[in-house]
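To keep things clear, I will list the structure first and then write my remarks on it.
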Amino acid sequence: MDDGMKEELSLINWTSVLTGSVDECWERFKSVLLKMRDKFVPVSVVKSKGKVPWMSYKAAKLVRKKHRVFKKHKDKNHPACKRASRVASCEVKKAKYNFERKLAENIKKDTKSFYAYVKGRAKAGRSIGPLVNDQNVVVDSAEEMSQEFNKFFSSVFTKERTGEVPEANWVYNENENGLNDIDITEEKVSAKLDKLRDDKAAGADDLLPRFLNILHQEGDYFSHSDVV
């Protein structure tokens with residue numbers, strides 16, 4: 001976490017932020033986090049240049065050197081060309097191995113990158129259809145296939161009996177100011193934050209899980225002796 005962000009978070013009076021109704025506390029708390037994000041989290045634009053994902057800087061540099069050596073000698077069997085090609089090939093293999101090993105190590109936290117890489121390496125493309133309908137007629141157009149899928153999924157939907165809908169037990173007691181039987185502890189909140197995955201997108205609150213995880217690691221700044 002950025003030191004400036006740590007310092008600014010440590011100066012916030014969390015007692016005043018977390019005073020009032022649940023909705024008021026949440027709006028003020030979210031406002032603080034969004035301001036921290038906009039102020040301290042850098043934004044970068046990733047541009048794809050058509051490069052292979054595992055190509056490291058060192059490997060790319062050696063590949064360019066190999067091309068320069070070949071351009072100079074114009075003979076792939078020249079000792080200098082062979083040596084440059086061998087060194088570049090070894091570094092590319094090493095970079096690819098390190099990239100794939102890192103993907104495998106982070107598969108639990110970043111499944112999207114892993115399966116995107118696997119899909120990109122697949123030689124056979126995946127496509128849907130053609131399908132055979134109930135009349136044993138082959139359908140291959142996108143509209144007809146979507147209709148067939150819709151028929152199938154509709155047939156297995158649960159048909160609820162609207163006349164026998166059970167009633168839920170009320171947890172709100174009109175004679176008391178608040179909800180009953182709801183226990184929210186620091187341990188439970190921490191456990192929920194531990195399950196956030198960095199590779200997921202932000203929810204309706206516009207807060208990225210990765211950003212929340214970083215804040216969670218600095219949980220001391222959210223602890224206050226006057227805040228329950």
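If you're wondering about the labels, chains in the structure tokens are A, B, ... by order shown, residues count from 1 in each chain, ligands from 1 in order shown.
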
Just the residues within 10 Å of Ala60 (chain A), please, counting only C-alpha atoms, with nothing from its chain fewer than 2 positions along; format it as a list of chain:residue names.
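Counting only the stated atoms, we get A:Lys51, A:Met55, A:Ser56, A:Tyr57, A:Lys58, A:Leu62, A:Val63, A:Arg64, A:Lys65, A:Lys66, A:Ala88, A:Glu91, A:Val92, A:Ala95.
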
Could you pull out all residues of region 63-125 of chain A with a DSSP call of helix (DSSP H, G or I) and give them as a VMD selection string?
chain A and resid 63 to 73 79 to 105 111 to 121

With N, CA and C atoms kept, could you save the residues just selected as a tab-separated table (two decimals), in the first residue's frame?
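Writing the result to selection-v4.tsv gives the following:
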chain	number	residue	atom	x	y	z
A	63	VAL	N	16.24	-12.00	-29.06
A	63	VAL	CA	15.64	-12.30	-30.36
A	63	VAL	C	15.99	-11.19	-31.36
A	64	ARG	N	15.92	-9.95	-30.92
A	64	ARG	CA	16.29	-8.83	-31.80
A	64	ARG	C	17.77	-8.91	-32.18
A	65	LYS	N	18.59	-9.32	-31.22
A	65	LYS	CA	20.01	-9.46	-31.50
A	65	LYS	C	20.24	-10.56	-32.54
A	66	LYS	N	19.49	-11.65	-32.43
A	66	LYS	CA	19.60	-12.75	-33.40
A	66	LYS	C	19.28	-12.25	-34.81
A	67	HIS	N	18.25	-11.43	-34.93
A	67	HIS	CA	17.87	-10.89	-36.24
A	67	HIS	C	18.94	-9.96	-36.78
A	68	ARG	N	19.55	-9.16	-35.90
A	68	ARG	CA	20.61	-8.26	-36.36
A	68	ARG	C	21.82	-9.05	-36.85
A	69	VAL	N	22.16	-10.12	-36.13
A	69	VAL	CA	23.31	-10.95	-36.53
A	69	VAL	C	23.05	-11.61	-37.88
A	70	PHE	N	21.84	-12.12	-38.07
A	70	PHE	CA	21.50	-12.75	-39.35
A	70	PHE	C	21.51	-11.71	-40.48
A	71	LYS	N	21.02	-10.52	-40.21
A	71	LYS	CA	21.00	-9.46	-41.21
A	71	LYS	C	22.42	-9.08	-41.63
A	72	LYS	N	23.35	-9.21	-40.71
A	72	LYS	CA	24.74	-8.88	-41.00
A	72	LYS	C	25.42	-9.96	-41.84
A	73	HIS	N	25.22	-11.23	-41.49
A	73	HIS	CA	25.94	-12.31	-42.16
A	73	HIS	C	25.15	-12.97	-43.29
A	79	PRO	N	28.62	-19.36	-37.76
A	79	PRO	CA	28.78	-19.61	-36.31
A	79	PRO	C	28.15	-18.54	-35.44
A	80	ALA	N	28.27	-17.29	-35.84
A	80	ALA	CA	27.69	-16.21	-35.04
A	80	ALA	C	26.16	-16.29	-35.05
A	81	CYS	N	25.57	-16.65	-36.22
A	81	CYS	CA	24.12	-16.78	-36.31
A	81	CYS	C	23.63	-17.97	-35.48
A	82	LYS	N	24.37	-19.07	-35.54
A	82	LYS	CA	23.99	-20.24	-34.76
A	82	LYS	C	24.03	-19.95	-33.26
A	83	ARG	N	25.11	-19.26	-32.86
A	83	ARG	CA	25.26	-18.96	-31.44
A	83	ARG	C	24.15	-18.01	-30.96
A	84	ALA	N	23.85	-16.98	-31.73
A	84	ALA	CA	22.80	-16.02	-31.35
A	84	ALA	C	21.43	-16.69	-31.32
A	85	SER	N	21.18	-17.59	-32.29
A	85	SER	CA	19.91	-18.30	-32.35
A	85	SER	C	19.76	-19.24	-31.16
A	86	ARG	N	20.84	-19.92	-30.79
A	86	ARG	CA	20.80	-20.86	-29.67
A	86	ARG	C	20.54	-20.13	-28.35
A	87	VAL	N	21.23	-19.02	-28.16
A	87	VAL	CA	21.06	-18.25	-26.91
A	87	VAL	C	19.65	-17.68	-26.82
A	88	ALA	N	19.13	-17.14	-27.94
A	88	ALA	CA	17.77	-16.58	-27.95
A	88	ALA	C	16.73	-17.66	-27.70
A	89	SER	N	16.92	-18.83	-28.32
A	89	SER	CA	15.97	-19.92	-28.16
A	89	SER	C	15.92	-20.40	-26.70
A	90	CYS	N	17.07	-20.50	-26.07
A	90	CYS	CA	17.12	-20.93	-24.66
A	90	CYS	C	16.40	-19.93	-23.76
A	91	GLU	N	16.60	-18.64	-24.02
A	91	GLU	CA	15.98	-17.61	-23.18
A	91	GLU	C	14.47	-17.56	-23.38
A	92	VAL	N	14.01	-17.78	-24.62
A	92	VAL	CA	12.58	-17.80	-24.89
A	92	VAL	C	11.92	-18.98	-24.17
A	93	LYS	N	12.56	-20.15	-24.23
A	93	LYS	CA	12.03	-21.33	-23.53
A	93	LYS	C	11.99	-21.09	-22.02
A	94	LYS	N	13.02	-20.44	-21.50
A	94	LYS	CA	13.06	-20.15	-20.08
A	94	LYS	C	11.94	-19.19	-19.67
A	95	ALA	N	11.74	-18.15	-20.51
A	95	ALA	CA	10.68	-17.17	-20.22
A	95	ALA	C	9.30	-17.83	-20.28
A	96	LYS	N	9.11	-18.72	-21.25
A	96	LYS	CA	7.83	-19.41	-21.37
A	96	LYS	C	7.60	-20.32	-20.17
A	97	TYR	N	8.64	-21.01	-19.73
A	97	TYR	CA	8.51	-21.90	-18.57
A	97	TYR	C	8.15	-21.11	-17.31
A	98	ASN	N	8.82	-19.99	-17.10
A	98	ASN	CA	8.54	-19.16	-15.92
A	98	ASN	C	7.11	-18.61	-15.97
A	99	PHE	N	6.66	-18.21	-17.17
A	99	PHE	CA	5.31	-17.67	-17.32
A	99	PHE	C	4.26	-18.73	-16.99
A	100	GLU	N	4.44	-19.93	-17.53
A	100	GLU	CA	3.47	-21.00	-17.29
A	100	GLU	C	3.50	-21.47	-15.84
A	101	ARG	N	4.67	-21.47	-15.22
A	101	ARG	CA	4.77	-21.86	-13.81
A	101	ARG	C	4.04	-20.85	-12.92
A	102	LYS	N	4.16	-19.56	-13.25
A	102	LYS	CA	3.48	-18.54	-12.47
A	102	LYS	C	1.97	-18.65	-12.63
A	103	LEU	N	1.52	-18.96	-13.84
A	103	LEU	CA	0.09	-19.17	-14.06
A	103	LEU	C	-0.44	-20.31	-13.21
A	104	ALA	N	0.33	-21.39	-13.18
A	104	ALA	CA	-0.08	-22.57	-12.40
A	104	ALA	C	-0.10	-22.26	-10.90
A	105	GLU	N	0.87	-21.49	-10.42
A	105	GLU	CA	0.94	-21.17	-9.00
A	105	GLU	C	-0.21	-20.25	-8.57
A	111	THR	N	-7.96	-17.44	-12.10
A	111	THR	CA	-8.34	-18.52	-13.02
A	111	THR	C	-8.55	-18.01	-14.44
A	112	LYS	N	-8.95	-16.75	-14.59
A	112	LYS	CA	-9.22	-16.22	-15.93
A	112	LYS	C	-7.98	-16.23	-16.80
A	113	SER	N	-6.85	-15.78	-16.25
A	113	SER	CA	-5.62	-15.74	-17.03
A	113	SER	C	-5.18	-17.14	-17.43
A	114	PHE	N	-5.35	-18.10	-16.51
A	114	PHE	CA	-4.94	-19.47	-16.80
A	114	PHE	C	-5.74	-20.05	-17.95
A	115	TYR	N	-7.08	-19.96	-17.86
A	115	TYR	CA	-7.91	-20.57	-18.89
A	115	TYR	C	-7.87	-19.79	-20.21
A	116	ALA	N	-7.62	-18.48	-20.13
A	116	ALA	CA	-7.45	-17.70	-21.36
A	116	ALA	C	-6.20	-18.16	-22.10
A	117	TYR	N	-5.14	-18.45	-21.35
A	117	TYR	CA	-3.90	-18.94	-21.96
A	117	TYR	C	-4.10	-20.33	-22.55
A	118	VAL	N	-4.78	-21.20	-21.80
A	118	VAL	CA	-5.05	-22.56	-22.30
A	118	VAL	C	-5.90	-22.50	-23.56
A	119	LYS	N	-6.91	-21.64	-23.56
A	119	LYS	CA	-7.77	-21.52	-24.73
A	119	LYS	C	-7.00	-21.00	-25.93
A	120	GLY	N	-6.08	-20.06	-25.68
A	120	GLY	CA	-5.28	-19.52	-26.77
A	120	GLY	C	-4.31	-20.53	-27.35
A	121	ARG	N	-3.88	-21.48	-26.53
A	121	ARG	CA	-2.95	-22.50	-27.00
A	121	ARG	C	-3.65	-23.67	-27.69

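The coordinates place CA of Met36 (chain A) at 14.5 Å from CA of Val17 (chain A).
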
As a VMD selection string, which residues of region 59-207 of chain A does DSSP assign to strand (DSSP E)?
chain A and resid 131 to 132 138 to 139

Just-selected residues, N, CA and C atoms written as a tab-separated table (two decimals), in the first residue's frame:
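Result file is again.tsv:
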chain	number	residue	atom	x	y	z
A	131	LEU	N	-27.40	-28.70	-34.44
A	131	LEU	CA	-28.21	-29.47	-33.51
A	131	LEU	C	-29.30	-30.24	-34.24
A	132	VAL	N	-29.83	-31.24	-33.58
A	132	VAL	CA	-30.94	-32.02	-34.11
A	132	VAL	C	-32.14	-31.79	-33.19
A	138	VAL	N	-32.01	-31.28	-38.71
A	138	VAL	CA	-30.76	-30.61	-38.35
A	138	VAL	C	-30.94	-29.10	-38.50
A	139	VAL	N	-30.62	-28.36	-37.44
A	139	VAL	CA	-30.67	-26.90	-37.48
A	139	VAL	C	-29.27	-26.37	-37.23

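Interatomic distance, CA of Met5 (chain A) to CA of Lys109 (chain A): 24.8 Å.
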
Which distance in Å separates CA of Thr15 (chain A) and CA of Val32 (chain A), to one decimal?
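These two atoms are separated by 13.2 Å.
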